[in-house]
file my_file_0.pdb (PDB, C-alpha atoms and all ligand atoms)
MODEL        1
ATOM      1  CA  MET A   1       2.508  -2.335 -25.886
ATOM      2  CA  PRO A   2       5.474  -2.031 -28.301
ATOM      3  CA  GLY A   3       8.143   0.538 -27.489
ATOM      4  CA  THR A   4       7.449   0.190 -23.774
ATOM      5  CA  THR A   5       9.815  -1.013 -21.086
ATOM      6  CA  VAL A   6       9.056  -1.921 -17.508
ATOM      7  CA  LEU A   7      12.150  -1.042 -15.460
ATOM      8  CA  ALA A   8      12.384  -2.492 -11.967
ATOM      9  CA  ALA A   9      14.925  -3.526  -9.372
ATOM     10  CA  SER A  10      12.990  -6.723  -8.721
ATOM     11  CA  GLN A  11      12.523  -9.722 -10.994
ATOM     12  CA  THR A  12       9.610 -10.987  -8.918
ATOM     13  CA  GLY A  13       6.238  -9.654  -7.820
ATOM     14  CA  LEU A  14       4.349  -6.905  -9.570
ATOM     15  CA  ALA A  15       6.919  -5.747 -12.170
ATOM     16  CA  PRO A  16       7.162  -8.951 -14.289
ATOM     17  CA  ASN A  17       3.399  -9.448 -14.089
ATOM     18  CA  LEU A  18       2.875  -5.854 -15.207
ATOM     19  CA  ALA A  19       5.278  -6.335 -18.126
ATOM     20  CA  ASP A  20       3.269  -9.439 -19.124
ATOM     21  CA  ALA A  21      -0.054  -7.618 -18.777
ATOM     22  CA  LEU A  22       1.229  -4.767 -20.983
ATOM     23  CA  GLY A  23       3.151  -6.928 -23.460
ATOM     24  CA  ALA A  24       6.210  -4.827 -22.579
ATOM     25  CA  ASP A  25       9.882  -5.750 -22.130
ATOM     26  CA  LEU A  26      11.225  -6.093 -18.600
ATOM     27  CA  VAL A  27      14.583  -4.471 -17.846
ATOM     28  CA  THR A  28      15.929  -5.029 -14.385
ATOM     29  CA  GLY A  29      18.172  -2.785 -12.377
ATOM     30  CA  ASN A  30      20.342  -5.075 -10.338
ATOM     31  CA  VAL A  31      20.956  -3.359  -7.007
ATOM     32  CA  ARG A  32      23.891  -3.933  -4.697
ATOM     33  CA  THR A  33      24.373  -2.267  -1.330
ATOM     34  CA  PHE A  34      27.872  -1.035  -0.527
ATOM     35  CA  PRO A  35      29.224  -1.490   3.013
ATOM     36  CA  ASP A  36      28.479   2.161   3.802
ATOM     37  CA  GLY A  37      24.837   1.763   2.740
ATOM     38  CA  GLU A  38      25.070   3.288  -0.746
ATOM     39  CA  SER A  39      22.990   1.639  -3.499
ATOM     40  CA  LYS A  40      24.748   0.640  -6.720
ATOM     41  CA  VAL A  41      22.387  -0.010  -9.649
ATOM     42  CA  THR A  42      23.348  -1.824 -12.865
ATOM     43  CA  LEU A  43      20.748  -1.995 -15.659
ATOM     44  CA  SER A  44      20.293  -5.247 -17.594
ATOM     45  CA  GLY A  45      19.366  -3.378 -20.800
ATOM     46  CA  ALA A  46      18.281  -0.072 -22.298
ATOM     47  CA  PRO A  47      14.759   1.302 -21.730
ATOM     48  CA  ALA A  48      12.525   1.914 -24.750
ATOM     49  CA  ASP A  49      10.958   5.315 -25.535
ATOM     50  CA  ARG A  50       8.200   4.785 -23.014
ATOM     51  CA  CYS A  51       9.529   3.632 -19.661
ATOM     52  CA  ILE A  52       7.481   2.464 -16.697
ATOM     53  CA  VAL A  53       9.590   2.402 -13.533
ATOM     54  CA  VAL A  54       8.258   0.083 -10.815
ATOM     55  CA  GLN A  55       9.624   0.570  -7.304
ATOM     56  CA  SER A  56       7.821   0.502  -3.969
ATOM     57  CA  THR A  57       9.088   2.579  -1.065
ATOM     58  CA  HIS A  58       8.650  -0.027   1.662
ATOM     59  CA  PRO A  59      11.162  -0.432   4.526
ATOM     60  CA  PRO A  60      13.966   0.549   4.423
ATOM     61  CA  VAL A  61      11.827   3.455   3.207
ATOM     62  CA  ASP A  62      14.524   6.062   2.605
ATOM     63  CA  THR A  63      16.760   3.606   0.743
ATOM     64  CA  ASN A  64      13.922   2.410  -1.484
ATOM     65  CA  LEU A  65      12.744   5.966  -2.057
ATOM     66  CA  LEU A  66      16.223   6.942  -3.237
ATOM     67  CA  ARG A  67      16.298   3.865  -5.506
ATOM     68  CA  ALA A  68      12.916   4.795  -7.002
ATOM     69  CA  LEU A  69      14.107   8.360  -7.660
ATOM     70  CA  LEU A  70      17.377   7.056  -9.100
ATOM     71  CA  LEU A  71      15.586   4.733 -11.549
ATOM     72  CA  VAL A  72      13.152   7.484 -12.576
ATOM     73  CA  SER A  73      15.973   9.984 -13.111
ATOM     74  CA  GLU A  74      18.051   7.483 -15.091
ATOM     75  CA  ALA A  75      15.017   6.524 -17.214
ATOM     76  CA  ALA A  76      14.235  10.215 -17.829
ATOM     77  CA  GLY A  77      17.689  10.654 -19.355
ATOM     78  CA  ARG A  78      17.128   7.769 -21.782
ATOM     79  CA  ALA A  79      13.375   7.601 -22.580
ATOM     80  CA  GLN A  80      10.814  10.011 -24.075
ATOM     81  CA  SER A  81       8.300   9.504 -21.290
ATOM     82  CA  VAL A  82       8.524   8.065 -17.796
ATOM     83  CA  VAL A  83       5.733   6.740 -15.606
ATOM     84  CA  ALA A  84       6.664   6.029 -11.985
ATOM     85  CA  VAL A  85       4.659   3.122 -10.595
ATOM     86  CA  VAL A  86       5.118   3.279  -6.826
ATOM     87  CA  PRO A  87       2.830   0.462  -5.633
ATOM     88  CA  TYR A  88       3.388   1.342  -1.972
ATOM     89  CA  MET A  89       3.982   5.018  -1.309
ATOM     90  CA  GLY A  90       5.963   5.467   1.878
ATOM     91  CA  TYR A  91       5.444   8.717   3.786
ATOM     92  CA  ALA A  92       1.783   8.785   2.669
ATOM     93  CA  ARG A  93       0.682   8.998   6.303
ATOM     94  CA  GLN A  94       2.610  12.280   6.618
ATOM     95  CA  ASP A  95       0.027  14.070   4.498
ATOM     96  CA  ARG A  96      -0.809  16.970   6.827
ATOM     97  CA  GLU A  97       0.511  18.961   9.785
ATOM     98  CA  PHE A  98      -0.994  17.071  12.736
ATOM     99  CA  LEU A  99       1.067  18.905  15.362
ATOM    100  CA  PRO A 100       2.501  22.424  14.930
ATOM    101  CA  GLY A 101       5.818  22.446  13.086
ATOM    102  CA  GLU A 102       5.537  18.954  11.575
ATOM    103  CA  VAL A 103       6.931  18.797   8.049
ATOM    104  CA  VAL A 104       4.379  17.456   5.543
ATOM    105  CA  THR A 105       6.910  15.040   4.067
ATOM    106  CA  LEU A 106       4.638  13.628   1.359
ATOM    107  CA  LYS A 107       4.439  17.064  -0.263
ATOM    108  CA  HIS A 108       8.225  17.015  -0.676
ATOM    109  CA  VAL A 109       8.252  13.402  -1.883
ATOM    110  CA  ALA A 110       5.842  14.442  -4.667
ATOM    111  CA  ARG A 111       8.214  17.253  -5.652
ATOM    112  CA  LEU A 112      11.146  14.833  -5.711
ATOM    113  CA  PHE A 113       9.382  12.479  -8.174
ATOM    114  CA  ALA A 114       8.448  15.387 -10.448
ATOM    115  CA  GLY A 115      11.983  16.775 -10.206
ATOM    116  CA  ALA A 116      13.518  13.384 -11.037
ATOM    117  CA  GLY A 117      11.609  13.396 -14.318
ATOM    118  CA  ALA A 118       8.407  11.392 -13.779
ATOM    119  CA  ASP A 119       5.688  12.540 -16.178
ATOM    120  CA  ARG A 120       3.050  10.532 -14.339
ATOM    121  CA  LEU A 121       2.885   8.570 -11.106
ATOM    122  CA  VAL A 122       0.621   5.625 -10.342
ATOM    123  CA  THR A 123       0.237   4.224  -6.844
ATOM    124  CA  VAL A 124      -2.018   1.653  -5.161
ATOM    125  CA  ASP A 125      -4.362   2.568  -2.308
ATOM    126  CA  MET A 126      -2.539   5.653  -1.151
ATOM    127  CA  HIS A 127      -3.268   6.253   2.521
ATOM    128  CA  SER A 128      -5.476   9.282   1.776
ATOM    129  CA  MET A 129      -6.812  11.135  -1.229
ATOM    130  CA  LYS A 130      -5.532  14.289   0.471
ATOM    131  CA  GLY A 131      -2.041  12.879  -0.073
ATOM    132  CA  LEU A 132      -2.671  12.260  -3.767
ATOM    133  CA  GLU A 133      -3.402  15.963  -4.228
ATOM    134  CA  TYR A 134       0.296  16.794  -3.719
ATOM    135  CA  PHE A 135       1.028  14.955  -6.981
ATOM    136  CA  GLY A 136      -1.381  17.192  -8.929
ATOM    137  CA  ASP A 137      -2.369  16.075 -12.410
ATOM    138  CA  MET A 138       0.503  13.585 -12.625
ATOM    139  CA  GLY A 139      -0.871  11.372  -9.779
ATOM    140  CA  ARG A 140      -3.289   8.483 -10.114
ATOM    141  CA  ASN A 141      -4.486   6.008  -7.486
ATOM    142  CA  VAL A 142      -5.506   2.404  -8.204
ATOM    143  CA  SER A 143      -7.475   0.281  -5.748
ATOM    144  CA  ALA A 144      -6.484  -3.250  -4.788
ATOM    145  CA  VAL A 145      -9.692  -3.659  -2.784
ATOM    146  CA  PRO A 146     -11.788  -5.439  -5.477
ATOM    147  CA  ASP A 147      -8.977  -7.995  -6.040
ATOM    148  CA  LEU A 148      -8.617  -8.554  -2.275
ATOM    149  CA  ALA A 149     -12.390  -9.011  -1.954
ATOM    150  CA  THR A 150     -12.380 -11.563  -4.786
ATOM    151  CA  HIS A 151      -9.775 -13.564  -2.859
ATOM    152  CA  PHE A 152     -11.943 -13.637   0.283
ATOM    153  CA  ALA A 153     -15.107 -14.381  -1.715
ATOM    154  CA  GLY A 154     -13.470 -17.702  -2.635
ATOM    155  CA  MET A 155     -13.036 -18.691   1.032
ATOM    156  CA  ASP A 156     -15.439 -20.692   3.159
ATOM    157  CA  LEU A 157     -16.495 -18.102   5.759
ATOM    158  CA  THR A 158     -19.416 -17.922   8.187
ATOM    159  CA  ASP A 159     -21.696 -14.916   7.604
ATOM    160  CA  PRO A 160     -18.641 -12.702   6.834
ATOM    161  CA  LEU A 161     -18.487  -9.048   7.782
ATOM    162  CA  ALA A 162     -15.948  -6.519   6.480
ATOM    163  CA  VAL A 163     -14.716  -4.242   9.256
ATOM    164  CA  SER A 164     -12.623  -1.095   9.039
ATOM    165  CA  PRO A 165     -10.454  -0.629  12.161
ATOM    166  CA  ASP A 166     -11.130   3.132  12.003
ATOM    167  CA  MET A 167     -13.582   5.652  10.577
ATOM    168  CA  GLY A 168     -10.987   6.887   8.070
ATOM    169  CA  GLY A 169     -11.158   3.499   6.315
ATOM    170  CA  ARG A 170     -14.949   3.136   6.156
ATOM    171  CA  GLU A 171     -15.148   3.808   2.400
ATOM    172  CA  ARG A 172     -12.532   1.067   1.857
ATOM    173  CA  ALA A 173     -14.542  -1.418   3.951
ATOM    174  CA  ARG A 174     -17.733  -0.439   2.140
ATOM    175  CA  LEU A 175     -16.109  -1.048  -1.259
ATOM    176  CA  PHE A 176     -14.672  -4.376  -0.047
ATOM    177  CA  ALA A 177     -18.112  -5.462   1.232
ATOM    178  CA  GLU A 178     -19.813  -4.379  -1.969
ATOM    179  CA  SER A 179     -17.272  -6.343  -4.083
ATOM    180  CA  MET A 180     -17.674  -9.403  -1.862
ATOM    181  CA  GLY A 181     -21.423  -9.116  -1.325
ATOM    182  CA  THR A 182     -21.272  -8.863   2.478
ATOM    183  CA  GLY A 183     -22.126  -6.317   5.158
ATOM    184  CA  TRP A 184     -19.623  -3.905   6.638
ATOM    185  CA  LEU A 185     -18.862  -1.910   9.759
ATOM    186  CA  ALA A 186     -16.372   0.776  10.795
ATOM    187  CA  LEU A 187     -14.931   0.895  14.315
ATOM    188  CA  GLU A 188     -14.106   4.159  16.037
ATOM    189  CA  LYS A 189     -10.380   4.233  16.774
ATOM    190  CA  GLU A 190      -8.697   7.055  18.600
ATOM    191  CA  ARG A 191      -4.922   7.357  18.752
ATOM    192  CA  ASP A 192      -3.258   9.741  21.185
ATOM    193  CA  ARG A 193      -0.871  11.636  18.890
ATOM    194  CA  THR A 194       1.657  12.055  21.698
ATOM    195  CA  THR A 195       1.622   8.669  23.480
ATOM    196  CA  GLY A 196       0.434   6.580  20.476
ATOM    197  CA  GLU A 197      -2.108   4.831  22.739
ATOM    198  CA  VAL A 198      -5.152   3.458  20.874
ATOM    199  CA  SER A 199      -8.747   3.092  22.126
ATOM    200  CA  ILE A 200     -11.628   1.485  20.187
ATOM    201  CA  ARG A 201     -15.408   1.457  20.321
ATOM    202  CA  SER A 202     -18.314   0.649  18.014
ATOM    203  CA  ASP A 203     -21.951   1.587  17.743
ATOM    204  CA  GLY A 204     -22.382  -0.805  14.827
ATOM    205  CA  ALA A 205     -23.733  -4.222  13.955
ATOM    206  CA  ASP A 206     -23.814  -7.348  16.100
ATOM    207  CA  VAL A 207     -20.724  -9.432  15.229
ATOM    208  CA  THR A 208     -21.593 -12.475  17.361
ATOM    209  CA  GLY A 209     -20.508 -15.682  15.635
ATOM    210  CA  ARG A 210     -19.648 -13.896  12.394
ATOM    211  CA  ASP A 211     -16.268 -14.279  10.672
ATOM    212  CA  VAL A 212     -14.766 -10.814  10.368
ATOM    213  CA  ILE A 213     -12.318  -9.475   7.805
ATOM    214  CA  LEU A 214     -10.445  -6.411   9.021
ATOM    215  CA  VAL A 215      -9.824  -4.256   5.950
ATOM    216  CA  ASP A 216      -7.007  -1.674   6.026
ATOM    217  CA  ASP A 217      -4.704   0.082   3.608
ATOM    218  CA  MET A 218      -1.585  -1.163   5.365
ATOM    219  CA  ILE A 219      -0.221  -3.180   8.244
ATOM    220  CA  SER A 220       2.971  -1.733   9.672
ATOM    221  CA  THR A 221       3.529  -2.794  13.289
ATOM    222  CA  GLY A 222       0.177  -4.594  13.369
ATOM    223  CA  GLY A 223      -1.001  -2.448  16.288
ATOM    224  CA  SER A 224      -4.221  -1.240  14.634
ATOM    225  CA  ILE A 225      -5.310  -4.740  13.609
ATOM    226  CA  VAL A 226      -4.310  -6.234  16.982
ATOM    227  CA  SER A 227      -6.448  -3.657  18.831
ATOM    228  CA  ALA A 228      -9.416  -4.138  16.493
ATOM    229  CA  ALA A 229      -9.139  -7.953  16.653
ATOM    230  CA  GLY A 230      -9.098  -7.844  20.462
ATOM    231  CA  PHE A 231     -12.170  -5.619  20.485
ATOM    232  CA  LEU A 232     -14.107  -7.824  18.028
ATOM    233  CA  ARG A 233     -13.167 -11.052  19.814
ATOM    234  CA  GLY A 234     -14.398  -9.420  23.023
ATOM    235  CA  CYS A 235     -17.708  -8.866  21.220
ATOM    236  CA  GLY A 236     -17.941 -12.605  20.464
ATOM    237  CA  CYS A 237     -17.113 -12.661  16.746
ATOM    238  CA  GLY A 238     -16.133 -15.824  14.888
ATOM    239  CA  ARG A 239     -12.786 -16.138  13.077
ATOM    240  CA  VAL A 240     -10.702 -13.012  12.399
ATOM    241  CA  PHE A 241      -8.802 -12.326   9.159
ATOM    242  CA  ALA A 242      -6.997  -9.252   7.862
ATOM    243  CA  ALA A 243      -7.086  -7.945   4.296
ATOM    244  CA  CYS A 244      -4.714  -5.119   3.504
ATOM    245  CA  THR A 245      -3.118  -3.642   0.440
ATOM    246  CA  HIS A 246       0.391  -3.217   1.843
ATOM    247  CA  ALA A 247       1.656  -5.842   4.306
ATOM    248  CA  LEU A 248       4.826  -4.173   5.593
ATOM    249  CA  MET A 249       4.825  -6.427   8.664
ATOM    250  CA  VAL A 250       7.493  -4.466  10.514
ATOM    251  CA  GLY A 251       9.377  -6.247  13.327
ATOM    252  CA  ASP A 252       7.297  -8.900  15.080
ATOM    253  CA  ALA A 253       3.998  -7.825  13.455
ATOM    254  CA  ALA A 254       3.233 -11.358  12.181
ATOM    255  CA  ALA A 255       3.685 -12.862  15.652
ATOM    256  CA  ARG A 256       1.621 -10.086  17.278
ATOM    257  CA  LEU A 257      -1.231 -10.663  14.823
ATOM    258  CA  ALA A 258      -1.151 -14.426  15.365
ATOM    259  CA  GLY A 259      -1.097 -13.823  19.128
ATOM    260  CA  ALA A 260      -4.200 -11.642  18.777
ATOM    261  CA  GLY A 261      -6.048 -14.506  17.087
ATOM    262  CA  VAL A 262      -5.803 -13.239  13.496
ATOM    263  CA  GLU A 263      -5.942 -16.463  11.463
ATOM    264  CA  GLY A 264      -4.586 -15.066   8.230
ATOM    265  CA  VAL A 265      -3.302 -11.907   6.569
ATOM    266  CA  VAL A 266      -3.886 -11.499   2.833
ATOM    267  CA  ALA A 267      -2.318  -8.574   0.984
ATOM    268  CA  ALA A 268      -1.645  -7.276  -2.516
ATOM    269  CA  ASN A 269       1.733  -7.780  -4.204
ATOM    270  CA  THR A 270       2.716  -4.136  -3.736
ATOM    271  CA  VAL A 271       5.592  -4.978  -1.373
ATOM    272  CA  PRO A 272       7.597  -8.192  -0.979
ATOM    273  CA  GLY A 273       6.533 -10.661   1.712
ATOM    274  CA  PRO A 274       4.719 -13.936   2.381
ATOM    275  CA  ALA A 275       1.290 -12.279   2.805
ATOM    276  CA  SER A 276       1.520 -10.416  -0.526
ATOM    277  CA  VAL A 277      -0.341 -13.001  -2.618
ATOM    278  CA  VAL A 278      -3.009 -11.014  -4.497
ATOM    279  CA  ASP A 279      -1.723  -9.822  -7.863
ATOM    280  CA  VAL A 280      -2.817  -6.275  -8.784
ATOM    281  CA  SER A 281      -0.838  -5.976 -12.038
ATOM    282  CA  ARG A 282      -4.008  -5.910 -14.165
ATOM    283  CA  ALA A 283      -5.525  -3.126 -12.064
ATOM    284  CA  VAL A 284      -2.271  -1.119 -12.396
ATOM    285  CA  ALA A 285      -2.042  -1.847 -16.141
ATOM    286  CA  GLY A 286      -5.556  -0.419 -16.487
ATOM    287  CA  ALA A 287      -4.276   2.942 -15.213
ATOM    288  CA  LEU A 288      -1.358   3.158 -17.682
TER     289      LEU A 288
HETATM  290  C1  LIG B 301      -3.928   4.261   9.900
HETATM  291  O1  LIG B 301      -4.611   5.259   9.716
HETATM  292  C2  LIG B 301      -3.639   3.290   8.798
HETATM  293  O2  LIG B 301      -4.733   3.143   7.930
HETATM  294  C3  LIG B 301      -3.236   1.941   9.349
HETATM  295  O3  LIG B 301      -4.306   1.434  10.112
HETATM  296  C4  LIG B 301      -2.021   2.038  10.205
HETATM  297  O4  LIG B 301      -1.103   2.927   9.679
HETATM  298  C5  LIG B 301      -1.380   0.689  10.376
HETATM  299  O5  LIG B 301      -0.231   0.808  11.174
HETATM  300  P1  LIG B 301       0.048  -0.228  12.323
HETATM  301  O6  LIG B 301       0.012  -1.598  11.704
HETATM  302  O7  LIG B 301       1.395   0.138  12.841
HETATM  303  O8  LIG B 301      -1.028  -0.039  13.349
ENDMDL
END
call {"tool": "encode", "arguments": {"input": "my_file_0.pdb", "output": "structure tokens", "more": "lines below"}}
Ligand code: R5P
result
Amino acid sequence: MPGTTVLAASQTGLAPNLADALGADLVTGNVRTFPDGESKVTLSGAPADRCIVVQSTHPPVDTNLLRALLLVSEAAGRAQSVVAVVPYMGYARQDREFLPGEVVTLKHVARLFAGAGADRLVTVDMHSMKGLEYFGDMGRNVSAVPDLATHFAGMDLTDPLAVSPDMGGRERARLFAESMGTGWLALEKERDRTTGEVSIRSDGADVTGRDVILVDDMISTGGSIVSAAGFLRGCGCGRVFAACTHALMVGDAAARLAGAGVEGVVAANTVPGPASVVDVSRAVAGAL
């Protein structure tokens, strides 16, 4: 795609693959952090007329959000058109007022991207389609689920079953199962919005002896997957794996998952990390 630049703070992961997939130049914004926490960005070149800014807003979320907005705003001052590719959209779980007085932060994040000069915004497996609505016509969601399913289809599994840890993710598990050619099931998870305590039950299929793949949009603390894995192991399932789009793996999430008997976590390359092995650059390129 001549006249197109991919601008990113990272020289690894999705951005270089996306530049390759598009036949575009890659310009990197080298980022330093000052002792007081400020970000200092230095560009390695000038963006072309069409600029695609790639920056996830993974932890530290506020810092990476500011960096994404900074790159978009800088690109908007130099290029004719700017597409913000935000592979992982932080704050996407704050998409509605759950308790009275809660600020719907995602609504304001959408305004910030538009105000910074993004003409369009592409993200991967946003937590909810309700959240995407705040971005209006400029927003587009891409799914990593088919690529994740292809990865698991290549593994030697016993009578695999895709399982969503909650009802909200049942469409994701259904799509995963359809792509992989397996069955699927959604657990019923309830989280107390005040205490955070989680309880799980299922009226679904018999999992005895079957290898299960827990399919979720993201793993943050690992709590949802740990609870679901414990429940399924209690039901006599076989091996337990997790497939997610965004492996944030906050704190000791990896150790908690291993302790819960999860044999492996496989995620898309939307955020940095050892689990982020499934490349979704072609799926993102298809939306540009
Ligand atoms: C919840 O609705 C989401 O889809 C994830 O299941 C959840 O946000 C993951 O967070 P954690 O890993 O902290 O349980």
call {"tool": "residues_around", "arguments": {"input": "my_file_0.pdb", "residues": "region 209-219 of chain A", "least_positions_apart": "4", "cutoff": "8 Å", "atoms": "all atoms listed in the file", "output": "JSON, numbers by chain"}}
result
{"A": [125, 126, 127, 157, 158, 159, 160, 161, 162, 163, 164, 165, 169, 172, 173, 176, 224, 225, 228, 229, 236, 237, 238, 239, 240, 241, 242, 243, 244, 245, 246, 247, 248, 249]}
call {"tool": "closest_residue", "arguments": {"input": "my_file_0.pdb", "among": "A:Glu263, A:Glu197, A:Asp206, A:Asp62", "to": "ligand LIG 301 (chain B)", "atoms": "all atoms listed in the file"}}
result
A:Glu197
call {"tool": "residues_around", "arguments": {"input": "my_file_0.pdb", "residues": "region 133-142 of chain A", "least_positions_apart": "3", "cutoff": "12 Å", "atoms": "all atoms listed in the file", "output": "ChimeraX atom specification"}}
result
/A:82-89,92,94-96,104-115,117-130,145-147,245,268,270,280-288
call {"tool": "residues_around", "arguments": {"input": "my_file_0.pdb", "residues": "region 28-42 of chain A", "least_positions_apart": "2", "cutoff": "7 Å", "atoms": "only C-alpha atoms", "output": "ChimeraX atom specification"}}
result
/A:7-11,26,44
call {"tool": "axis_aligned_box", "arguments": {"input": "my_file_0.pdb", "around": "region 208-224 of chain A", "padding_each_side": "5 Å", "output": "JSON"}}
result
{"center_x": -9.0, "center_y": -7.8, "center_z": 10.5, "size_x": 35.1, "size_y": 25.8, "size_z": 23.8}
call {"tool": "atom_distance", "arguments": {"input": "my_file_0.pdb", "atom1": "CA of Pro100 (chain A)", "atom2": "CA of Glu190 (chain A)"}}
result
19.4 Å
call {"tool": "residues_around", "arguments": {"input": "my_file_0.pdb", "residues": "Leu65 (chain A)", "least_positions_apart": "6", "cutoff": "9 Å", "atoms": "all atoms listed in the file", "output": "MDAnalysis selection string"}}
result
chainID A and resid 55:58 89:90 109
call {"tool": "closest_residue", "arguments": {"input": "my_file_0.pdb", "among": "A:Leu66, A:Leu14, A:Leu257, A:Val61", "to": "ligand LIG 301 (chain B)", "atoms": "all atoms listed in the file"}}
result
A:Leu257
call {"tool": "atom_distance", "arguments": {"input": "my_file_0.pdb", "atom1": "CA of Arg67 (chain A)", "atom2": "CA of Val250 (chain A)"}}
result
20.1 Å
call {"tool": "closest_residue", "arguments": {"input": "my_file_0.pdb", "among": "A:Ala253, A:Val271, A:Leu148, A:Leu43", "to": "ligand LIG 301 (chain B)", "atoms": "all atoms listed in the file"}}
result
A:Ala253
call {"tool": "decode", "arguments": {"input": "my_file_0.pdb", "residues": "region 48-63 of chain A", "atoms": "N, CA, C and O atoms", "output": "PDB file, in the first residue's frame"}}
result
ATOM      1  N   ALA A  48       3.820   8.919   6.129  1.00  0.00           N
ATOM      2  CA  ALA A  48       3.303   9.259   4.802  1.00  0.00           C
ATOM      3  C   ALA A  48       1.896   9.839   4.940  1.00  0.00           C
ATOM      4  O   ALA A  48       1.392  10.017   6.052  1.00  0.00           O
ATOM      5  N   ASP A  49       1.244  10.109   3.783  1.00  0.00           N
ATOM      6  CA  ASP A  49      -0.079  10.748   3.811  1.00  0.00           C
ATOM      7  C   ASP A  49      -1.107   9.943   4.581  1.00  0.00           C
ATOM      8  O   ASP A  49      -1.990  10.506   5.224  1.00  0.00           O
ATOM      9  N   ARG A  50      -1.010   8.628   4.454  1.00  0.00           N
ATOM     10  CA  ARG A  50      -1.953   7.779   5.198  1.00  0.00           C
ATOM     11  C   ARG A  50      -1.170   7.129   6.340  1.00  0.00           C
ATOM     12  O   ARG A  50      -0.195   6.408   6.078  1.00  0.00           O
ATOM     13  N   CYS A  51      -1.581   7.389   7.554  1.00  0.00           N
ATOM     14  CA  CYS A  51      -0.820   6.880   8.697  1.00  0.00           C
ATOM     15  C   CYS A  51      -1.686   5.958   9.550  1.00  0.00           C
ATOM     16  O   CYS A  51      -2.810   6.306   9.924  1.00  0.00           O
ATOM     17  N   ILE A  52      -1.138   4.785   9.832  1.00  0.00           N
ATOM     18  CA  ILE A  52      -1.836   3.822  10.687  1.00  0.00           C
ATOM     19  C   ILE A  52      -1.048   3.737  11.990  1.00  0.00           C
ATOM     20  O   ILE A  52       0.098   3.259  12.002  1.00  0.00           O
ATOM     21  N   VAL A  53      -1.626   4.243  13.056  1.00  0.00           N
ATOM     22  CA  VAL A  53      -0.953   4.243  14.363  1.00  0.00           C
ATOM     23  C   VAL A  53      -1.340   2.965  15.103  1.00  0.00           C
ATOM     24  O   VAL A  53      -2.527   2.662  15.239  1.00  0.00           O
ATOM     25  N   VAL A  54      -0.337   2.203  15.543  1.00  0.00           N
ATOM     26  CA  VAL A  54      -0.613   0.959  16.271  1.00  0.00           C
ATOM     27  C   VAL A  54      -0.133   1.110  17.713  1.00  0.00           C
ATOM     28  O   VAL A  54       1.061   1.300  17.962  1.00  0.00           O
ATOM     29  N   GLN A  55      -1.055   1.068  18.647  1.00  0.00           N
ATOM     30  CA  GLN A  55      -0.681   1.149  20.065  1.00  0.00           C
ATOM     31  C   GLN A  55      -1.788   0.532  20.914  1.00  0.00           C
ATOM     32  O   GLN A  55      -2.926   1.000  20.910  1.00  0.00           O
ATOM     33  N   SER A  56      -1.449  -0.522  21.638  1.00  0.00           N
ATOM     34  CA  SER A  56      -2.405  -1.111  22.575  1.00  0.00           C
ATOM     35  C   SER A  56      -2.433  -0.307  23.866  1.00  0.00           C
ATOM     36  O   SER A  56      -1.479   0.400  24.194  1.00  0.00           O
ATOM     37  N   THR A  57      -3.499  -0.458  24.623  1.00  0.00           N
ATOM     38  CA  THR A  57      -3.596   0.272  25.895  1.00  0.00           C
ATOM     39  C   THR A  57      -3.640  -0.737  27.047  1.00  0.00           C
ATOM     40  O   THR A  57      -4.543  -0.719  27.881  1.00  0.00           O
ATOM     41  N   HIS A  58      -2.637  -1.598  27.040  1.00  0.00           N
ATOM     42  CA  HIS A  58      -2.457  -2.608  28.092  1.00  0.00           C
ATOM     43  C   HIS A  58      -1.756  -1.945  29.289  1.00  0.00           C
ATOM     44  O   HIS A  58      -1.290  -0.807  29.186  1.00  0.00           O
ATOM     45  N   PRO A  59      -1.655  -2.654  30.425  1.00  0.00           N
ATOM     46  CA  PRO A  59      -1.006  -2.059  31.594  1.00  0.00           C
ATOM     47  C   PRO A  59       0.450  -1.660  31.312  1.00  0.00           C
ATOM     48  O   PRO A  59       1.155  -2.416  30.645  1.00  0.00           O
ATOM     49  N   PRO A  60       0.894  -0.497  31.771  1.00  0.00           N
ATOM     50  CA  PRO A  60       0.145   0.517  32.527  1.00  0.00           C
ATOM     51  C   PRO A  60      -0.845   1.229  31.607  1.00  0.00           C
ATOM     52  O   PRO A  60      -0.415   1.965  30.705  1.00  0.00           O
ATOM     53  N   VAL A  61      -2.129   1.015  31.839  1.00  0.00           N
ATOM     54  CA  VAL A  61      -3.178   1.417  30.898  1.00  0.00           C
ATOM     55  C   VAL A  61      -3.160   2.919  30.627  1.00  0.00           C
ATOM     56  O   VAL A  61      -3.179   3.352  29.465  1.00  0.00           O
ATOM     57  N   ASP A  62      -3.104   3.727  31.683  1.00  0.00           N
ATOM     58  CA  ASP A  62      -3.199   5.174  31.459  1.00  0.00           C
ATOM     59  C   ASP A  62      -1.982   5.693  30.692  1.00  0.00           C
ATOM     60  O   ASP A  62      -2.108   6.566  29.827  1.00  0.00           O
ATOM     61  N   THR A  63      -0.815   5.159  30.990  1.00  0.00           N
ATOM     62  CA  THR A  63       0.398   5.571  30.271  1.00  0.00           C
ATOM     63  C   THR A  63       0.294   5.192  28.797  1.00  0.00           C
ATOM     64  O   THR A  63       0.579   5.998  27.904  1.00  0.00           O
TER      65      THR A  63
END
